[in-house]
>>> print(open('query.txt').read())   # compact mmCIF, C-alpha atoms and all ligand atoms
# COMPACT_ATOMS: atom_id res chain seq x y z
CA MET A 289 95.13 -68.38 39.88
CA LEU A 290 95.45 -67.98 36.14
CA ALA A 291 95.17 -71.72 35.64
CA SER A 292 91.72 -71.69 37.20
CA LEU A 293 90.54 -69.11 34.70
CA GLY A 294 90.59 -71.52 31.77
CA ASN A 295 90.44 -69.71 28.47
CA LEU A 296 91.26 -66.19 29.50
CA PRO A 297 90.14 -64.15 26.45
CA GLU A 298 86.81 -65.98 26.26
CA LEU A 299 86.14 -65.56 29.94
CA ALA A 300 87.09 -61.90 29.70
CA ARG A 301 84.55 -61.56 26.91
CA GLN A 302 81.81 -63.18 28.99
CA LEU A 303 82.62 -61.00 31.99
CA SER A 304 82.68 -57.83 29.93
CA GLY A 305 79.08 -58.60 28.93
CA LEU A 306 78.17 -57.88 32.54
CA GLY A 307 79.05 -54.25 32.03
CA GLY A 308 80.87 -54.06 35.35
CA CYS A 309 78.25 -55.82 37.49
CA THR A 310 80.08 -57.34 40.43
CA HIS A 311 77.23 -59.45 41.85
CA PRO A 312 75.78 -61.26 38.86
CA VAL A 313 73.18 -63.97 39.19
CA ARG A 314 74.61 -67.35 38.10
CA LEU A 315 72.38 -69.74 36.21
CA ASP A 316 72.75 -73.35 35.17
CA GLY A 317 70.77 -74.55 32.18
CA HIS A 318 70.29 -74.26 28.47
CA ARG A 319 68.45 -72.36 25.79
CA THR A 320 67.68 -73.62 22.31
CA GLU A 321 66.21 -71.63 19.45
CA TYR A 322 64.48 -73.56 16.66
CA ASP A 323 63.35 -72.45 13.28
CA VAL A 324 59.59 -72.83 12.79
CA ASP A 325 57.79 -72.77 9.46
CA THR A 326 54.77 -70.48 9.96
CA ARG A 327 52.74 -72.16 7.20
CA THR A 328 53.08 -75.73 8.38
CA GLY A 329 53.93 -75.10 12.04
CA GLU A 330 56.75 -77.57 11.61
CA ILE A 331 59.76 -77.22 13.87
CA GLY A 332 62.91 -77.14 11.82
CA SER A 333 66.58 -76.85 12.51
CA VAL A 334 68.31 -75.59 15.62
CA LEU A 335 69.26 -71.96 15.05
CA HIS A 336 71.09 -71.37 18.22
CA HIS A 337 71.99 -73.45 21.23
CA LEU A 338 73.47 -72.31 24.48
CA ASP A 339 74.52 -74.60 27.29
CA SER A 340 75.75 -72.95 30.46
CA ALA A 341 78.35 -75.66 31.04
CA SER A 342 80.07 -74.71 27.81
CA LEU A 343 80.37 -71.05 28.79
CA PRO A 344 83.81 -69.84 29.90
CA ALA A 345 82.57 -69.20 33.46
CA GLY A 346 80.79 -72.55 33.48
CA GLN A 347 77.48 -70.79 34.06
CA LEU A 348 75.36 -68.10 32.52
CA LEU A 349 76.00 -64.78 34.27
CA VAL A 350 73.19 -62.24 34.41
CA ARG A 351 73.48 -58.71 35.73
CA CYS A 352 72.11 -58.28 39.25
CA ASN A 353 70.22 -55.09 38.21
CA ASN A 354 70.44 -53.76 41.74
CA ARG A 355 69.29 -50.18 41.93
CA ARG A 356 71.41 -49.27 44.92
CA ALA A 357 74.72 -47.59 44.24
CA THR A 358 76.14 -49.06 47.43
CA ARG A 359 75.33 -52.60 46.31
CA CYS A 360 76.36 -52.61 42.66
CA PRO A 361 77.74 -49.36 41.22
CA ALA A 362 77.60 -50.62 37.63
CA CYS A 363 73.98 -51.78 37.73
CA ALA A 364 72.93 -48.70 39.67
CA GLU A 365 74.49 -46.63 36.88
CA VAL A 366 72.42 -48.46 34.28
CA TYR A 367 69.31 -47.91 36.39
CA ARG A 368 70.16 -44.23 36.76
CA ARG A 369 70.58 -43.83 33.01
CA ASP A 370 67.34 -45.69 32.29
CA THR A 371 65.52 -43.48 34.75
CA TYR A 372 67.06 -40.44 33.08
CA HIS A 373 65.80 -41.58 29.70
CA LEU A 374 62.37 -42.43 31.11
CA ILE A 375 62.01 -38.99 32.68
CA THR A 376 63.39 -37.29 29.59
CA ALA A 377 60.96 -39.17 27.35
CA GLY A 378 58.10 -37.79 29.44
CA LEU A 379 59.44 -34.26 29.06
CA ARG A 380 60.69 -34.12 25.48
CA GLY A 381 59.20 -37.20 23.92
CA GLY A 382 61.09 -40.13 22.44
CA LYS A 383 61.17 -43.88 23.19
CA GLY A 384 57.60 -44.21 22.00
CA THR A 385 56.27 -41.02 23.57
CA SER A 386 55.18 -38.20 21.24
CA ASP A 387 57.46 -35.16 21.27
CA GLN A 388 54.30 -33.15 21.65
CA VAL A 389 54.59 -33.68 25.44
CA ALA A 390 57.20 -30.93 25.44
CA THR A 391 54.43 -28.42 24.86
CA HIS A 392 52.19 -29.68 27.67
CA PRO A 393 52.07 -27.86 30.98
CA ARG A 394 54.38 -29.59 33.45
CA VAL A 395 56.08 -28.79 36.69
CA PHE A 396 58.70 -30.21 38.99
CA ALA A 397 57.43 -30.40 42.56
CA THR A 398 59.06 -31.32 45.84
CA PHE A 399 56.92 -32.56 48.73
CA THR A 400 58.63 -32.55 52.09
CA ALA A 401 58.04 -34.40 55.33
CA PRO A 402 56.71 -32.60 58.40
CA GLY A 403 58.95 -31.90 61.39
CA PHE A 404 59.61 -34.42 64.14
CA GLY A 405 61.79 -32.20 66.30
CA PRO A 406 64.67 -29.76 65.72
CA VAL A 407 67.70 -31.08 63.84
CA HIS A 408 71.18 -29.73 63.19
CA ASN A 409 71.18 -27.80 59.96
CA ARG A 410 72.96 -25.33 57.72
CA ARG A 411 71.10 -22.08 57.50
CA THR A 412 70.88 -20.19 54.27
CA ASP A 413 71.02 -16.82 56.04
CA GLY A 414 74.55 -17.46 57.29
CA ARG A 415 73.60 -17.74 60.93
CA PRO A 416 74.80 -20.71 62.95
CA CYS A 417 72.73 -23.82 63.72
CA ARG A 418 70.69 -23.72 66.91
CA CYS A 419 73.50 -25.59 68.62
CA GLY A 420 75.77 -22.57 67.96
CA THR A 421 77.95 -24.30 65.35
CA HIS A 422 78.42 -23.46 61.68
CA HIS A 423 78.19 -27.00 60.31
CA ASP A 424 80.07 -27.65 57.12
CA GLN A 425 78.39 -29.55 54.30
CA GLU A 426 80.05 -32.85 55.18
CA ASP A 427 79.27 -32.69 58.90
CA ALA A 428 77.77 -36.02 59.98
CA ALA A 429 75.71 -34.20 62.58
CA LEU A 430 73.58 -32.53 59.89
CA GLY A 431 70.00 -33.76 59.98
CA THR A 432 70.42 -35.50 63.31
CA PRO A 433 68.23 -34.35 66.23
CA LEU A 434 69.44 -31.59 68.53
CA ASN A 435 67.94 -33.62 71.33
CA PRO A 436 67.49 -37.29 70.42
CA ASP A 437 65.49 -37.93 73.58
CA SER A 438 62.74 -35.54 72.62
CA TYR A 439 62.84 -36.27 68.86
CA ASP A 440 59.62 -37.97 67.75
CA TYR A 441 61.13 -41.19 66.37
CA GLU A 442 57.81 -43.04 66.27
CA ALA A 443 56.19 -40.35 64.17
CA ALA A 444 59.30 -40.20 61.94
CA VAL A 445 59.18 -43.94 61.22
CA LEU A 446 55.40 -43.95 60.82
CA TRP A 447 55.68 -41.03 58.42
CA ASN A 448 57.95 -43.09 56.18
CA ALA A 449 55.54 -46.01 56.44
CA HIS A 450 52.58 -43.84 55.35
CA ALA A 451 54.28 -41.58 52.81
CA GLY A 452 53.27 -43.79 49.85
CA ALA A 453 49.62 -43.79 50.91
CA LEU A 454 49.74 -40.02 51.39
CA TRP A 455 51.09 -39.63 47.86
CA ARG A 456 48.21 -41.71 46.47
CA ARG A 457 45.72 -39.59 48.40
CA PHE A 458 47.40 -36.47 47.06
CA SER A 459 47.16 -37.69 43.47
CA ILE A 460 43.42 -38.32 43.83
CA TYR A 461 42.92 -34.85 45.26
CA LEU A 462 45.03 -33.37 42.50
CA GLY A 463 42.65 -34.73 39.87
CA ARG A 464 39.72 -33.18 41.74
CA LYS A 465 41.42 -29.81 42.18
CA VAL A 466 42.36 -29.57 38.52
CA ALA A 467 38.83 -30.58 37.46
CA LYS A 468 37.31 -28.01 39.77
CA ARG A 469 39.50 -25.21 38.43
CA ALA A 470 38.61 -26.22 34.90
CA GLY A 471 34.92 -26.11 35.79
CA LEU A 472 34.50 -29.83 35.11
CA THR A 473 32.99 -32.61 37.14
CA GLN A 474 35.01 -35.65 38.17
CA ARG A 475 33.06 -37.72 35.74
CA THR A 476 33.65 -35.57 32.67
CA PHE A 477 37.25 -34.67 33.49
CA ARG A 478 38.65 -37.79 31.81
CA ASP A 479 37.06 -36.80 28.52
CA HIS A 480 39.17 -33.65 28.52
CA ALA A 481 42.48 -34.30 30.20
CA ARG A 482 44.77 -36.68 32.05
CA ILE A 483 47.33 -35.99 34.71
CA SER A 484 50.48 -38.05 34.61
CA PHE A 485 53.51 -38.05 36.81
CA ALA A 486 56.87 -39.63 37.52
CA LYS A 487 58.16 -39.41 41.02
CA VAL A 488 61.12 -40.43 43.08
CA ALA A 489 61.42 -40.87 46.83
CA GLU A 490 64.43 -39.37 48.49
CA TYR A 491 65.61 -39.47 52.06
CA GLN A 492 66.45 -36.26 53.75
CA LYS A 493 69.47 -36.40 56.02
CA ARG A 494 67.15 -36.81 58.99
CA GLY A 495 65.92 -40.06 57.49
CA ALA A 496 62.48 -38.83 56.44
CA VAL A 497 61.25 -39.68 52.96
CA HIS A 498 60.17 -36.88 50.68
CA PHE A 499 59.11 -36.87 47.05
CA HIS A 500 60.18 -35.17 43.88
CA ALA A 501 57.81 -35.42 40.97
CA VAL A 502 57.31 -34.34 37.40
CA ILE A 503 53.59 -33.70 36.99
CA ARG A 504 52.07 -33.06 33.57
CA ILE A 505 48.64 -32.37 32.07
CA ASP A 506 47.89 -34.20 28.81
CA GLY A 507 44.89 -34.49 26.58
CA PRO A 508 42.25 -37.21 27.14
CA GLU A 509 44.38 -39.98 25.58
CA GLY A 510 47.60 -39.10 27.35
CA GLY A 511 50.88 -37.74 26.00
CA ASP A 512 49.94 -38.01 22.32
CA THR A 513 46.90 -35.76 22.67
CA SER A 514 46.80 -32.01 23.24
CA PRO A 515 45.70 -30.72 26.61
CA PRO A 516 42.69 -28.39 26.62
CA PRO A 517 43.37 -24.63 26.47
CA TRP A 518 42.55 -24.12 30.16
CA ALA A 519 45.43 -26.41 31.12
CA THR A 520 48.29 -24.13 32.11
CA ALA A 521 51.32 -24.53 34.36
CA GLU A 522 49.74 -21.94 36.69
CA LEU A 523 46.52 -23.91 37.04
CA LEU A 524 48.54 -27.06 37.63
CA THR A 525 50.70 -25.34 40.25
CA ASP A 526 47.67 -23.95 42.10
CA SER A 527 46.00 -27.34 42.06
CA ILE A 528 49.13 -29.09 43.34
CA ARG A 529 49.38 -26.61 46.21
CA ALA A 530 45.73 -27.05 47.10
CA ALA A 531 45.89 -30.86 46.91
CA ALA A 532 49.15 -31.09 48.87
CA THR A 533 47.77 -28.92 51.68
CA THR A 534 44.54 -30.88 52.04
CA ALA A 535 45.90 -34.42 51.58
CA ARG A 536 45.89 -36.26 54.87
CA ILE A 537 46.18 -39.90 55.90
CA ASP A 538 45.05 -41.28 59.22
CA GLY A 539 47.67 -43.41 60.92
CA PRO A 540 47.39 -45.83 63.81
CA VAL A 541 46.40 -45.02 67.37
CA ILE A 542 49.31 -45.93 69.63
CA ASP A 543 49.08 -45.61 73.40
CA GLY A 544 46.16 -43.24 73.06
CA ARG A 545 47.84 -41.04 70.44
CA ALA A 546 46.12 -40.84 67.08
CA TYR A 547 48.64 -40.35 64.28
CA ALA A 548 47.76 -38.50 61.11
CA PHE A 549 50.07 -37.62 58.27
CA ALA A 550 50.29 -34.67 55.93
CA PHE A 551 53.11 -33.15 53.88
CA GLY A 552 55.40 -30.59 55.47
CA ARG A 553 54.78 -26.91 54.87
CA GLN A 554 57.72 -26.57 52.50
CA LEU A 555 56.36 -27.25 49.06
CA ASP A 556 58.32 -26.28 46.00
CA VAL A 557 56.60 -26.23 42.58
CA ARG A 558 58.39 -24.97 39.50
CA PRO A 559 57.49 -24.99 35.84
CA ILE A 560 59.83 -26.96 33.60
CA ARG A 561 61.18 -25.18 30.57
CA SER A 562 61.71 -26.81 27.22
CA ALA A 563 64.81 -24.90 26.26
CA ASP A 564 68.02 -25.42 28.11
CA PHE A 565 67.70 -22.35 30.19
CA ASP A 566 69.70 -22.09 33.35
CA GLY A 567 69.21 -19.98 36.41
CA GLY A 568 66.05 -18.34 37.65
CA GLN A 569 63.00 -20.10 39.01
CA GLU A 570 62.39 -22.39 36.11
CA LEU A 571 64.15 -25.68 35.68
CA THR A 572 65.30 -27.25 32.49
CA GLU A 573 64.23 -30.67 31.28
CA ARG A 574 67.78 -31.93 31.50
CA ALA A 575 68.24 -30.76 35.05
CA VAL A 576 64.99 -32.32 36.20
CA ALA A 577 65.72 -35.65 34.54
CA ALA A 578 69.25 -35.73 35.95
CA TYR A 579 68.01 -34.93 39.41
CA ILE A 580 65.32 -37.60 39.48
CA ALA A 581 67.67 -40.17 37.98
CA LYS A 582 70.32 -39.43 40.57
CA TYR A 583 67.94 -40.01 43.47
CA ALA A 584 66.51 -43.15 41.92
CA THR A 585 69.73 -44.99 42.79
CA LYS A 586 70.00 -43.74 46.34
CA GLY A 587 68.41 -45.43 49.27
CA ALA A 588 68.32 -44.36 52.88
CA GLU A 589 71.90 -45.59 53.24
CA THR A 590 73.26 -42.76 51.12
CA ALA A 591 71.59 -39.81 52.82
CA THR A 592 71.12 -41.11 56.32
CA GLY A 593 73.89 -43.67 56.62
CA THR A 594 71.70 -46.64 57.42
CA LEU A 595 71.89 -50.20 56.08
CA ASP A 596 71.43 -51.18 52.46
CA ARG A 597 69.81 -54.54 53.18
CA PRO A 598 67.22 -55.95 55.59
CA ILE A 599 68.15 -56.98 59.09
CA ARG A 600 67.03 -60.30 60.49
CA PHE A 601 67.80 -59.74 64.16
CA LEU A 602 68.05 -56.56 66.14
CA ALA A 603 71.41 -57.79 67.43
CA GLU A 604 72.88 -57.18 63.95
CA LEU A 605 72.62 -53.48 64.65
CA ALA A 606 75.35 -53.71 67.27
CA GLN A 607 77.96 -54.52 64.60
CA ALA A 608 76.65 -52.16 61.96
CA ARG A 609 78.68 -49.04 61.30
CA ILE A 610 75.83 -46.59 61.18
CA SER A 611 74.97 -43.32 62.88
CA ASP A 612 73.19 -43.25 66.25
CA HIS A 613 70.29 -41.50 64.54
CA ALA A 614 69.89 -44.26 61.95
CA ARG A 615 70.25 -46.87 64.70
CA ARG A 616 67.45 -45.23 66.63
CA MET A 617 65.21 -45.04 63.57
CA ILE A 618 65.80 -48.76 62.92
CA ARG A 619 65.23 -49.68 66.58
CA THR A 620 61.99 -47.73 66.57
CA ALA A 621 60.83 -49.45 63.37
CA TRP A 622 61.78 -52.81 64.87
CA ALA A 623 59.90 -52.13 68.11
CA LEU A 624 56.78 -50.88 66.28
CA GLY A 625 57.08 -53.88 63.99
CA ALA A 626 56.27 -56.17 66.91
CA ARG A 627 52.78 -54.68 67.23
CA LYS A 628 49.96 -56.79 65.87
CA ASP A 629 47.95 -53.71 64.84
CA LEU A 630 50.83 -52.46 62.68
CA GLU A 631 51.46 -55.78 60.94
CA HIS A 632 50.35 -54.39 57.57
CA LEU A 633 53.20 -51.86 57.67
CA ARG A 634 55.81 -54.68 57.79
CA LEU A 635 58.11 -52.48 59.80
CA ARG A 636 60.62 -55.20 60.62
CA ALA A 637 61.14 -56.20 57.01
CA TRP A 638 61.54 -52.51 56.17
CA ALA A 639 63.46 -51.39 59.25
CA HIS A 640 66.62 -50.87 57.16
CA THR A 641 64.72 -48.40 54.96
CA LEU A 642 63.49 -46.67 58.12
CA GLY A 643 59.94 -47.82 57.58
CA PHE A 644 59.48 -46.79 53.94
CA ARG A 645 58.36 -49.76 51.88
CA GLY A 646 57.28 -48.05 48.70
CA HIS A 647 58.99 -48.00 45.37
CA PHE A 648 61.74 -45.49 45.05
CA SER A 649 60.62 -44.36 41.65
CA THR A 650 57.14 -44.72 40.27
CA LYS A 651 55.21 -43.22 37.44
CA SER A 652 51.69 -43.17 36.17
CA ARG A 653 51.01 -45.45 33.23
CA ARG A 654 50.85 -42.70 30.64
CA TYR A 655 53.92 -40.74 31.69
CA SER A 656 56.36 -42.27 29.18
CA THR A 657 58.10 -45.55 28.45
CA THR A 658 58.86 -48.08 31.21
CA LEU A 659 62.11 -49.28 32.70
CA GLY A 660 61.09 -52.76 31.54
CA ALA A 661 60.82 -51.59 27.94
CA LEU A 662 64.21 -49.95 28.13
CA ARG A 663 65.72 -53.14 29.58
CA THR A 664 64.13 -55.28 26.88
CA ALA A 665 65.48 -52.97 24.20
CA ARG A 666 68.96 -53.18 25.67
CA ALA A 667 68.83 -56.96 25.99
CA ALA A 668 67.74 -57.21 22.35
CA TRP A 669 70.63 -55.00 21.35
CA ARG A 670 73.08 -57.15 23.30
CA ARG A 671 71.72 -60.32 21.73
CA ALA A 672 72.06 -58.75 18.33
CA GLN A 673 75.76 -58.30 19.02
CA THR A 674 76.31 -62.00 19.68
CA ALA A 675 73.44 -63.96 18.20
CA PRO A 676 73.24 -65.45 14.71
CA PRO A 677 71.39 -63.50 12.00
CA ALA A 678 67.67 -63.09 12.54
CA PRO A 679 65.40 -65.51 10.67
CA GLN A 680 63.92 -64.51 7.34
CA ASP A 681 60.42 -63.07 6.91
CA GLY A 682 57.70 -65.65 7.21
CA ASP A 683 59.75 -67.69 9.61
CA THR A 684 59.39 -67.62 13.30
CA THR A 685 61.40 -69.17 16.08
CA LEU A 686 60.62 -71.37 19.02
CA VAL A 687 62.70 -70.94 22.12
CA LEU A 688 63.03 -73.66 24.71
CA ALA A 689 64.94 -72.70 27.78
CA HIS A 690 65.43 -73.99 31.26
CA TRP A 691 67.48 -72.17 33.86
CA VAL A 692 68.19 -72.92 37.49
CA PHE A 693 69.52 -70.45 40.01
CA ALA A 694 73.08 -71.43 40.89
CA GLY A 695 74.16 -68.59 43.15
CA THR A 696 75.37 -65.01 42.91
CA GLY A 697 78.66 -63.19 42.61
CA LEU A 698 81.97 -63.85 40.97
CA SER A 699 84.76 -66.17 42.04
CA ALA A 700 87.96 -64.57 43.31
CA ALA A 701 89.63 -65.24 39.98
CA GLU A 702 86.70 -63.85 37.98
CA THR A 703 86.63 -60.77 40.20
CA TRP A 704 90.29 -60.23 39.51
CA LEU A 705 89.79 -60.57 35.78
CA ALA A 706 86.61 -58.46 35.76
CA ALA A 707 88.41 -55.69 37.63
CA SER A 708 91.04 -55.57 34.92
CA LEU A 709 88.36 -54.93 32.29
CA GLU A 710 87.23 -51.39 31.73
CA PRO A 711 83.48 -51.24 32.36
CA ALA A 712 81.79 -49.89 29.29
CA ILE A 713 80.09 -46.97 30.95
CA GLY A 714 80.05 -43.85 28.87
CA THR A 715 78.05 -40.71 29.20
CA GLU A 716 75.30 -39.73 26.85
CA GLY A 717 75.45 -36.07 27.45
CA GLU A 718 73.48 -36.03 30.67
CA PRO A 719 74.55 -33.26 32.96
CA THR A 720 75.57 -34.18 36.46
CA TRP A 721 73.59 -32.38 39.06
CA THR A 722 75.66 -30.29 41.36
CA THR A 723 73.77 -27.66 43.26
CA VAL A 724 70.58 -28.89 44.79
CA THR A 725 69.92 -28.32 48.43
CA THR A 726 66.99 -29.81 50.20
CA SER A 727 66.48 -29.23 53.86
ZN ZN A 801 75.05 -55.68 39.34
ZN ZN A 802 73.90 -27.97 65.05
>>> encode(input="query.txt", output="C-alpha cells")
Amino acid sequence: MLASLGNLPELARQLSGLGGCTHPVRLDGHRTEYDVDTRTGEIGSVLHHLDSASLPAGQLLVRCNNRRATRCPACAEVYRRDTYHLITAGLRGGKGTSDQVATHPRVFATFTAPGFGPVHNRRTDGRPCRCGTHHDQEDAALGTPLNPDSYDYEAAVLWNAHAGALWRRFSIYLGRKVAKRAGLTQRTFRDHARISFAKVAEYQKRGAVHFHAVIRIDGPEGGDTSPPPWATAELLTDSIRAAATTARIDGPVIDGRAYAFAFGRQLDVRPIRSADFDGGQELTERAVAAYIAKYATKGAETATGTLDRPIRFLAELAQARISDHARRMIRTAWALGARKDLEHLRLRAWAHTLGFRGHFSTKSRRYSTTLGALRTARAAWRRAQTAPPAPQDGDTTLVLAHWVFAGTGLSAAETWLAASLEPAIGTEGEPTWTTVTTS
C-alpha cells in the first residue's frame, strides 16, 4: 500500500490541507497566476502555476463543505464554527459588523410546531409518560406516536413543507406589529428601524421542524445605526408573540380537508444579555451562538433517526436502518409527492428531510457577516500559507484556471494516511451547549 502513496510527506501535507474532510471533491485541471502591469495592461511573468497532475494526490482536493455531521464530521465542524462566528458577530459585533449591535434590543425565540397526536415524552413534573413508563433520555421511543395509526402523518409532513413559508409570513407580520407599537405606519417604519434575524431549523424528536432565532431591532441603516428610543426588548417580545400567534399559512386541500398551518402554542422568547451571565431567564450571547451553531449541523437524521441523503426509490427504505416513525414520515412524504397538486412542495426529493426543503440556517441581509465571507477569508488565509508573496502595489494579477470534476472521496491508501494525521480542529473558546431541552 505504501508504494501506491508516492511521496509520503508531500501527500500527507496535501491531505492535511483538507482539515480532516473525508469526502473531498477531486478536480483535474490547472491554475496560472500572471503578473499584470496596471499602467500598460501588459501581461507579464507567471507568478504561480498549479497543475493538478503534479500534486501528490494527482488531483486537486477540495473540502466537501458538507454541513451534516453524519456526512463529514470535519466539514460540519467548520460549518458549526462559522455559524457560531456569524451569530456572535450579530450579537457582539466583529467581522465587519459594528460592536454597537450589542446594545440593540435582541431576543432569542423558539417557535414550535403544532401537535399531530400524542407522543411518548419525558415530563418535567416527574410523572410518567402517558404510556405509564418513565422514559430515560436515550429512549428511542421518545417523540414517537403513542398510537401511530391515529397520528396525523400527513399534517406532520405538510407542516414541515410549509414551515419556511410560515416563517416568512411571520417575519412580515413582525414588521407590522413592531411598527404599530411604535405608532408608525408601514411606509415610515423603514426610516426609523430595521428588524434583522438569524434563524436555524431544528427537528424535534417527533420529526417536526421548529425554529430558533435571534431577532434584533437596529436603526434605519441596520447594525451600524442606533435603534430609536422606543425600541426595547419588551416591545420586541410583545410584537413577536403577537406576530407568531396571528401568522397562518393556507395549505392544500386533500380529500376534502383544508390544511392550514400556524406555530404551536409553545413560544419561548428571551432577551439576550451582553455580559456572560448564567442562569435565570436571560440567555448569554455565547450560549445563544453555541446553540444555534450546534443545530446548524444537524439534520433530521440526528434528532429523528432518518436518512441523511435523498432516496430515489421507495424500496430503498426497506434496507434503511431507521425508526418506524421516520419510515412512516418518509412514506407519507413519498405518497403525497405523487400528487400533481403538491408538485411545488417537491416532497419526493425532500422525503429524507421529512418534507422540509428550506435552508437549515438563514439570516436577514443585515444581521451580520455571511458564511461565504467567512469561507473566503479562510481560503485567503490558507493561500497565504502556501502561495508566493503577494504582488507589489500598482501591480495586479490575472488568474486563468480550468478545473474539471473528477470524483469525490479519498482512495483507500489516502484514507489510511489521512486518518493518521491529526485534524487541525481546535476550540476558540466557544462553550459547548449542554442543557437545553425542547419538547
Ligand atoms: Zn468534508
Ligand atoms: Zn411513553
>>> atom_distance(input="query.txt", atom1="CA of Ala701 (chain A)", atom2="CA of Arg597 (chain A)")
26.1 Å
>>> residues_around(input="query.txt", residues="region 431-444 of chain A", least_positions_apart="5", cutoff="10 Å", atoms="only C-alpha atoms", output="PyMOL selection string")
chain A and resi 401-410+417-419+449+492-497+539+542+547-549+591-592+611-614+616-621+623-624+642-643+727
>>> residues_near_ligand(input="query.txt", ligand="ligand ZN 801 (chain A)", cutoff="12 Å", atoms="all atoms listed in the file", output="ChimeraX atom specification")
/A:303,305-314,349-367,696-698,711
>>> write_last_selection(input="query.txt", atoms="C-alpha atoms", output="PDB file, in the frame of the given file")
ATOM      1  CA  LEU A 303      82.620 -61.000  31.990  1.00  0.00           C
ATOM      2  CA  GLY A 305      79.080 -58.600  28.930  1.00  0.00           C
ATOM      3  CA  LEU A 306      78.170 -57.880  32.540  1.00  0.00           C
ATOM      4  CA  GLY A 307      79.050 -54.250  32.030  1.00  0.00           C
ATOM      5  CA  GLY A 308      80.870 -54.060  35.350  1.00  0.00           C
ATOM      6  CA  CYS A 309      78.250 -55.820  37.490  1.00  0.00           C
ATOM      7  CA  THR A 310      80.080 -57.340  40.430  1.00  0.00           C
ATOM      8  CA  HIS A 311      77.230 -59.450  41.850  1.00  0.00           C
ATOM      9  CA  PRO A 312      75.780 -61.260  38.860  1.00  0.00           C
ATOM     10  CA  VAL A 313      73.180 -63.970  39.190  1.00  0.00           C
ATOM     11  CA  ARG A 314      74.610 -67.350  38.100  1.00  0.00           C
ATOM     12  CA  LEU A 349      76.000 -64.780  34.270  1.00  0.00           C
ATOM     13  CA  VAL A 350      73.190 -62.240  34.410  1.00  0.00           C
ATOM     14  CA  ARG A 351      73.480 -58.710  35.730  1.00  0.00           C
ATOM     15  CA  CYS A 352      72.110 -58.280  39.250  1.00  0.00           C
ATOM     16  CA  ASN A 353      70.220 -55.090  38.210  1.00  0.00           C
ATOM     17  CA  ASN A 354      70.440 -53.760  41.740  1.00  0.00           C
ATOM     18  CA  ARG A 355      69.290 -50.180  41.930  1.00  0.00           C
ATOM     19  CA  ARG A 356      71.410 -49.270  44.920  1.00  0.00           C
ATOM     20  CA  ALA A 357      74.720 -47.590  44.240  1.00  0.00           C
ATOM     21  CA  THR A 358      76.140 -49.060  47.430  1.00  0.00           C
ATOM     22  CA  ARG A 359      75.330 -52.600  46.310  1.00  0.00           C
ATOM     23  CA  CYS A 360      76.360 -52.610  42.660  1.00  0.00           C
ATOM     24  CA  PRO A 361      77.740 -49.360  41.220  1.00  0.00           C
ATOM     25  CA  ALA A 362      77.600 -50.620  37.630  1.00  0.00           C
ATOM     26  CA  CYS A 363      73.980 -51.780  37.730  1.00  0.00           C
ATOM     27  CA  ALA A 364      72.930 -48.700  39.670  1.00  0.00           C
ATOM     28  CA  GLU A 365      74.490 -46.630  36.880  1.00  0.00           C
ATOM     29  CA  VAL A 366      72.420 -48.460  34.280  1.00  0.00           C
ATOM     30  CA  TYR A 367      69.310 -47.910  36.390  1.00  0.00           C
ATOM     31  CA  THR A 696      75.370 -65.010  42.910  1.00  0.00           C
ATOM     32  CA  GLY A 697      78.660 -63.190  42.610  1.00  0.00           C
ATOM     33  CA  LEU A 698      81.970 -63.850  40.970  1.00  0.00           C
ATOM     34  CA  PRO A 711      83.480 -51.240  32.360  1.00  0.00           C
TER      35      PRO A 711
END
>>> axis_aligned_box(input="query.txt", around="region 704-710 of chain A", padding_each_side="4 Å", output="lines of an AutoDock Vina configuration file")
center_x = 88.8
center_y = -56.0
center_z = 35.6
size_x = 12.4
size_y = 17.2
size_z = 15.8
>>> closest_residue(input="query.txt", among="A:Lys383, A:Arg600, A:Ala550, A:Thr513", to="Asp370 (chain A)", atoms="only C-alpha atoms")
A:Lys383
>>> atom_distance(input="query.txt", atom1="CA of Asp543 (chain A)", atom2="CA of Leu630 (chain A)")
12.8 Å
>>> residues_around(input="query.txt", residues="Leu662 (chain A)", least_positions_apart="6", cutoff="12 Å", atoms="all atoms listed in the file", output="list in words")
Val366, Tyr367, Arg368, Arg369, Asp370, Thr371, Tyr372, His373, Leu374, Ala377, Gly382, Lys383, Gly384, Ser656, Ala668 and Trp669 of chain A
